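Q: One structure follows; several queries about it will come next.
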Amino acid sequence: MKSVLAWRVLPVLAVLALSAFALALIGRASSAAGAPARLPDLVQQMPRDLEITRAGTGPKAPYVLGFRSAVSNIGDGALVIEGHRGGPEVGTMIADQVVDRDGAPKAVIPDVGRLRYVVSPDHRHWHLLGFDRYELRRAGQRVAEVRDQKTGFCLGDRYVESGHALQSAAAPAPVFTSRCGLGEPQLLGISEGISIGYGDDYAANLEGQYLRLTGLAAGRYVLVHRVNAERRLHETDYGNDAASLLLELRWRDREPLVRVLRQCPGTDGCDRAPAAKRASRGGPSARSSRAPTATSTS
């Protein structure tokens with residue numbers, strides 16, 4: 001009798017054990033699906049190091065306004081971009097964003113952009129296209145007079161961010177220190193990014209770090225720098241993705257002079273920014289120079 005009872009009870013116990021195991025797996029999967037994502041928070045830094053140069057040689061070479069641009073990550077997680085393509089015949093890589101999650105595997109957000117191997121006199125490597133955009137518009141107007149022709153950024157931990165409070169602890173050391181496939185157009189995959197507490201910058205006049213002045217009338221203009229303009233990259237906050245300067249452009253003996261009237265972090269509207277966002281008034285003038293001084297190779 002005991003033997004028969006054992007044979008009847010054991011299958012029931014086995015089913016119960018399997019059910020409990022299945023429920024545990026479902027619980028874990030559900031928990032993983034709802035695990036908080038540790039997203040970056042990209043902050044557009046103020047345009048700096050304004051410099052007027054001529055784009056080319058000769059008396060007809062146009063004047064351009066060069067500037068340094070920089071983007072920091074003060075978020076809860078790193079910005080991680082994984083690029084991939086099917087073969088060397090495909091001109092661009094698809095960019096996926098990889099996101100850490102608490103207590104769960106990393107999440108992959110597919111197709112947040114494109115990477116292209118950029119060849120220029122300054123450098124040649126893989127850029128995340130459209131990462132940072134620049135424009136000049138007339139004060140009081142919404143349509144840009146001049147837009148940038150920059151191809152993108154080679155993302156990396158190029159400097160330590162010190163001007164903003166971080167949402168999480170900074171990475172103890174730079175993580176993204178590669179040259180983005182420098183001299184390797186044959187790559188089928190690449191990883192780029194910006195760690196928490198670090199930023200990436202490009203110097204004035206380096207590969208697209210300028211806007212054309214020739215052809216603009218004298219007056220007041222707003223210089224806008226904006227990261228993640230299409231919001232394809234996932235962040236914790238999109239409200240700090242722009243910074244701007246209110247400028248005064250004058251012409252003297254057919255040469256441009258630019259004076260900074262106002263600096264406005266956190267907004268593209270320096271001609272209408274509320275007082276709380278106006279960092280300071282006034283600033284240095286940008287004077288004409290015959291040759292650019294940028295030496296960065298980022």
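By order in the structure tokens, chains are A, B, ...; within a chain, residues start at 1; ligands start at 1, following the order shown.
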Set the distance at 12 Å and use only C-alpha atoms: which residues neighbour Gly269 in chain A once local chain neighbours fewer than 4 positions away are removed? I'd like the list as a JSON list (two decimals) with N, CA and C atoms, in the first residue's frame.
A:
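In the end it all went to around_29.json:
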[["chain", "number", "residue", "atom", "x", "y", "z"],
["A", 136, "LEU", "N", 23.09, 79.04, -37.11],
["A", 136, "LEU", "CA", 23.00, 80.47, -36.85],
["A", 136, "LEU", "C", 21.66, 80.94, -37.37],
["A", 137, "ARG", "N", 20.91, 81.66, -36.53],
["A", 137, "ARG", "CA", 19.65, 82.23, -36.98],
["A", 137, "ARG", "C", 19.55, 83.68, -36.51],
["A", 138, "ARG", "N", 18.80, 84.45, -37.23],
["A", 138, "ARG", "CA", 18.55, 85.84, -36.86],
["A", 138, "ARG", "C", 17.81, 85.90, -35.52],
["A", 139, "ALA", "N", 18.21, 86.79, -34.65],
["A", 139, "ALA", "CA", 17.49, 86.97, -33.39],
["A", 139, "ALA", "C", 16.04, 87.32, -33.69],
["A", 140, "GLY", "N", 15.14, 86.65, -33.01],
["A", 140, "GLY", "CA", 13.71, 86.87, -33.23],
["A", 140, "GLY", "C", 13.11, 86.02, -34.32],
["A", 141, "GLN", "N", 13.93, 85.28, -35.05],
["A", 141, "GLN", "CA", 13.45, 84.40, -36.11],
["A", 141, "GLN", "C", 13.64, 82.94, -35.69],
["A", 142, "ARG", "N", 12.86, 82.04, -36.27],
["A", 142, "ARG", "CA", 12.96, 80.62, -35.95],
["A", 142, "ARG", "C", 13.67, 79.82, -37.02],
["A", 221, "TYR", "N", 22.46, 87.65, -33.96],
["A", 221, "TYR", "CA", 22.22, 86.26, -34.34],
["A", 221, "TYR", "C", 22.31, 85.37, -33.11],
["A", 222, "VAL", "N", 21.67, 84.21, -33.20],
["A", 222, "VAL", "CA", 21.75, 83.20, -32.14],
["A", 222, "VAL", "C", 22.52, 82.00, -32.69],
["A", 223, "LEU", "N", 23.62, 81.66, -32.01],
["A", 223, "LEU", "CA", 24.38, 80.46, -32.33],
["A", 223, "LEU", "C", 23.88, 79.34, -31.43],
["A", 224, "VAL", "N", 23.37, 78.28, -32.05],
["A", 224, "VAL", "CA", 22.78, 77.17, -31.30],
["A", 224, "VAL", "C", 23.58, 75.89, -31.53],
["A", 225, "HIS", "N", 23.92, 75.22, -30.44],
["A", 225, "HIS", "CA", 24.47, 73.87, -30.48],
["A", 225, "HIS", "C", 23.44, 72.92, -29.86],
["A", 226, "ARG", "N", 23.17, 71.80, -30.54],
["A", 226, "ARG", "CA", 22.14, 70.89, -30.05],
["A", 226, "ARG", "C", 22.58, 69.44, -30.25],
["A", 242, "ALA", "N", 20.36, 71.50, -25.59],
["A", 242, "ALA", "CA", 20.74, 72.67, -26.40],
["A", 242, "ALA", "C", 21.41, 73.72, -25.53],
["A", 243, "ALA", "N", 22.27, 74.52, -26.16],
["A", 243, "ALA", "CA", 22.89, 75.69, -25.54],
["A", 243, "ALA", "C", 23.08, 76.72, -26.64],
["A", 244, "SER", "N", 23.07, 78.00, -26.27],
["A", 244, "SER", "CA", 23.12, 79.02, -27.31],
["A", 244, "SER", "C", 23.83, 80.28, -26.83],
["A", 245, "LEU", "N", 24.25, 81.07, -27.81],
["A", 245, "LEU", "CA", 24.86, 82.38, -27.59],
["A", 245, "LEU", "C", 24.10, 83.41, -28.40],
["A", 246, "LEU", "N", 23.89, 84.58, -27.83],
["A", 246, "LEU", "CA", 23.39, 85.72, -28.58],
["A", 246, "LEU", "C", 24.59, 86.54, -29.04],
["A", 262, "ARG", "N", 25.28, 87.46, -24.91],
["A", 262, "ARG", "CA", 24.64, 86.68, -23.84],
["A", 262, "ARG", "C", 24.96, 85.21, -24.02],
["A", 263, "GLN", "N", 25.10, 84.50, -22.89],
["A", 263, "GLN", "CA", 25.32, 83.06, -22.91],
["A", 263, "GLN", "C", 24.14, 82.37, -22.24],
["A", 264, "CYS", "N", 23.60, 81.33, -22.89],
["A", 264, "CYS", "CA", 22.36, 80.72, -22.40],
["A", 264, "CYS", "C", 22.48, 79.19, -22.39],
["A", 265, "PRO", "N", 22.92, 78.60, -21.30],
["A", 265, "PRO", "CA", 22.95, 77.14, -21.21],
["A", 265, "PRO", "C", 21.55, 76.58, -21.10],
["A", 273, "ALA", "N", 15.47, 83.94, -23.84],
["A", 273, "ALA", "CA", 15.63, 83.06, -22.68],
["A", 273, "ALA", "C", 15.17, 83.75, -21.41],
["A", 274, "PRO", "N", 14.50, 83.01, -20.50],
["A", 274, "PRO", "CA", 14.14, 83.58, -19.20],
["A", 274, "PRO", "C", 15.38, 83.89, -18.38],
["A", 275, "ALA", "N", 15.24, 84.80, -17.45],
["A", 275, "ALA", "CA", 16.40, 85.28, -16.69],
["A", 275, "ALA", "C", 17.12, 84.15, -15.97],
["A", 277, "LYS", "N", 17.84, 81.27, -16.90],
["A", 277, "LYS", "CA", 18.74, 80.48, -17.73],
["A", 277, "LYS", "C", 19.84, 81.32, -18.37],
["A", 278, "ARG", "N", 19.87, 82.59, -18.10],
["A", 278, "ARG", "CA", 20.90, 83.44, -18.67],
["A", 278, "ARG", "C", 22.14, 83.36, -17.79]]
Q: What lies within 7 Å of range 249-251 of chain A using only C-alpha atoms, ignoring chain neighbours under 6 positions off, as a PyMOL selection string?
A: chain A and resi 218-220+257-259
Q: So that I have them on file, write out the residues from the current selection with C-alpha atoms, as a PDB file, in the first residue's frame.
A:
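result.pdb, freshly written:
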ATOM      1  CA  ALA A 218      25.120  92.772 -39.888  1.00  0.00           C
ATOM      2  CA  GLY A 219      22.874  92.304 -36.871  1.00  0.00           C
ATOM      3  CA  ARG A 220      22.106  90.025 -33.949  1.00  0.00           C
ATOM      4  CA  LEU A 257      33.597  91.081 -36.114  1.00  0.00           C
ATOM      5  CA  VAL A 258      31.527  89.011 -33.693  1.00  0.00           C
ATOM      6  CA  ARG A 259      30.756  89.963 -30.092  1.00  0.00           C
TER       7      ARG A 259
END
Q: Set the distance at 8 Å and use only C-alpha atoms: which residues neighbour range 70-85 of chain A once local chain neighbours fewer than 4 positions away are removed? I'd like the list as JSON, numbers by chain.
A: {"A": [38, 39, 40, 41, 42, 43, 44, 45, 46, 47, 90, 92, 93, 94, 95, 96, 97, 98, 99, 100, 114, 115, 161, 164, 165, 166, 167, 168, 188, 189, 190, 191, 192, 193, 194, 195, 196, 197, 198, 199, 200, 201, 202, 227, 235, 236]}
Q: Using the selection just defined, write its residues with C-alpha atoms as a PDB file, in the first residue's frame.
A:
ATOM      1  CA  ARG A  38      20.177  53.112 -16.638  1.00  0.00           C
ATOM      2  CA  LEU A  39      20.009  55.754 -19.340  1.00  0.00           C
ATOM      3  CA  PRO A  40      22.505  58.509 -20.122  1.00  0.00           C
ATOM      4  CA  ASP A  41      21.726  62.207 -19.822  1.00  0.00           C
ATOM      5  CA  LEU A  42      23.512  64.170 -22.527  1.00  0.00           C
ATOM      6  CA  VAL A  43      24.220  67.807 -21.727  1.00  0.00           C
ATOM      7  CA  GLN A  44      25.114  70.250 -24.476  1.00  0.00           C
ATOM      8  CA  GLN A  45      27.923  72.508 -23.276  1.00  0.00           C
ATOM      9  CA  MET A  46      28.176  76.175 -24.228  1.00  0.00           C
ATOM     10  CA  PRO A  47      29.856  77.037 -27.547  1.00  0.00           C
ATOM     11  CA  VAL A  90      27.457  48.526 -47.187  1.00  0.00           C
ATOM     12  CA  THR A  92      27.185  52.752 -43.254  1.00  0.00           C
ATOM     13  CA  MET A  93      26.766  50.799 -40.030  1.00  0.00           C
ATOM     14  CA  ILE A  94      23.479  50.551 -38.158  1.00  0.00           C
ATOM     15  CA  ALA A  95      23.908  52.045 -34.685  1.00  0.00           C
ATOM     16  CA  ASP A  96      22.233  50.280 -31.739  1.00  0.00           C
ATOM     17  CA  GLN A  97      22.121  51.730 -28.223  1.00  0.00           C
ATOM     18  CA  VAL A  98      23.045  49.301 -25.447  1.00  0.00           C
ATOM     19  CA  VAL A  99      21.523  50.086 -22.057  1.00  0.00           C
ATOM     20  CA  ASP A 100      22.383  48.639 -18.626  1.00  0.00           C
ATOM     21  CA  ARG A 114      24.054  55.463 -38.510  1.00  0.00           C
ATOM     22  CA  LEU A 115      27.855  55.390 -38.418  1.00  0.00           C
ATOM     23  CA  GLU A 161      32.826  66.564 -16.582  1.00  0.00           C
ATOM     24  CA  HIS A 164      27.162  69.527 -13.486  1.00  0.00           C
ATOM     25  CA  ALA A 165      25.884  67.242 -10.730  1.00  0.00           C
ATOM     26  CA  LEU A 166      25.898  63.572 -11.761  1.00  0.00           C
ATOM     27  CA  GLN A 167      22.868  61.287 -11.387  1.00  0.00           C
ATOM     28  CA  SER A 168      25.138  58.310 -10.626  1.00  0.00           C
ATOM     29  CA  LEU A 188      32.126  45.441 -39.870  1.00  0.00           C
ATOM     30  CA  GLY A 189      31.460  46.422 -36.254  1.00  0.00           C
ATOM     31  CA  ILE A 190      32.551  49.063 -33.749  1.00  0.00           C
ATOM     32  CA  SER A 191      31.791  50.270 -30.217  1.00  0.00           C
ATOM     33  CA  GLU A 192      31.747  53.936 -29.155  1.00  0.00           C
ATOM     34  CA  GLY A 193      30.291  55.864 -26.238  1.00  0.00           C
ATOM     35  CA  ILE A 194      30.548  58.334 -23.370  1.00  0.00           C
ATOM     36  CA  SER A 195      30.800  57.138 -19.757  1.00  0.00           C
ATOM     37  CA  ILE A 196      29.065  58.763 -16.788  1.00  0.00           C
ATOM     38  CA  GLY A 197      31.043  61.817 -15.706  1.00  0.00           C
ATOM     39  CA  TYR A 198      32.890  62.244 -18.995  1.00  0.00           C
ATOM     40  CA  GLY A 199      32.386  64.172 -22.201  1.00  0.00           C
ATOM     41  CA  ASP A 200      33.475  64.451 -25.812  1.00  0.00           C
ATOM     42  CA  ASP A 201      34.563  67.642 -27.535  1.00  0.00           C
ATOM     43  CA  TYR A 202      35.769  68.971 -30.877  1.00  0.00           C
ATOM     44  CA  VAL A 227      22.913  67.251 -29.251  1.00  0.00           C
ATOM     45  CA  GLU A 235      18.076  59.712 -22.381  1.00  0.00           C
ATOM     46  CA  THR A 236      16.722  60.544 -18.946  1.00  0.00           C
TER      47      THR A 236
END
Q: Please measure the separation of CA of Val118 in chain A and CA of Phe131 in chain A, giving the value in Å to one decimal.
A: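 CA of Phe131 in chain A lies 13.9 Å from CA of Val118 in chain A.
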Q: Choose the residue, out of A:Asp157, A:Arg124, A:Gly130, A:Pro36, that has the smallest atom-to-atom separation from Arg101 in chain A; count only C-alpha atoms.
A: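 Of all the options, A:Pro36 lies closest to Arg101 in chain A.
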Q: Apply DSSP to the structure's backbone, then extract all residues of range 106-149 of chain A labelled strand (DSSP E) and return them as a VMD selection string.
A: chain A and resid 106 to 119 124 to 128 132 to 138 144 to 147
Q: Which residues are near Pro256 in chain A? Cut-off 10 Å, only C-alpha atoms, ignore same chain within fewer than 4 positions. Put them as a CSV table (one decimal) with C-alpha atoms, in the first residue's frame.
A:
chain,number,residue,atom,x,y,z
A,52,ILE,CA,36.8,83.8,-37.3
A,53,THR,CA,38.9,82.3,-40.2
A,63,TYR,CA,34.7,83.9,-43.7
A,64,VAL,CA,33.5,81.3,-41.2
A,65,LEU,CA,32.9,81.3,-37.5
A,213,LEU,CA,29.6,84.2,-42.1
A,214,THR,CA,30.1,85.5,-45.6
A,216,LEU,CA,25.1,87.4,-43.7
A,218,ALA,CA,25.1,92.8,-39.9
A,249,LEU,CA,27.8,90.5,-36.1
A,250,ARG,CA,29.4,93.7,-37.6
A,251,TRP,CA,31.4,94.2,-40.8
A,252,ARG,CA,34.4,96.5,-40.9
A,286,ALA,CA,35.8,86.9,-32.1
A,287,ARG,CA,38.2,88.6,-34.5
A,288,SER,CA,39.3,87.7,-38.0
Q: Calculate how many Å separate CA of Pro59 in chain A from CA of Arg147 in chain A, rounding to one decimal.
A: 23.5 Å
Q: In terms of the shortest atom-to-atom distance over only C-alpha atoms, which of A:Ser162, A:Ser120, A:Thr267, A:Ser69 is closest to Gly183 in chain A?
A: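 Closest to Gly183 in chain A of all the choices is A:Ser120.
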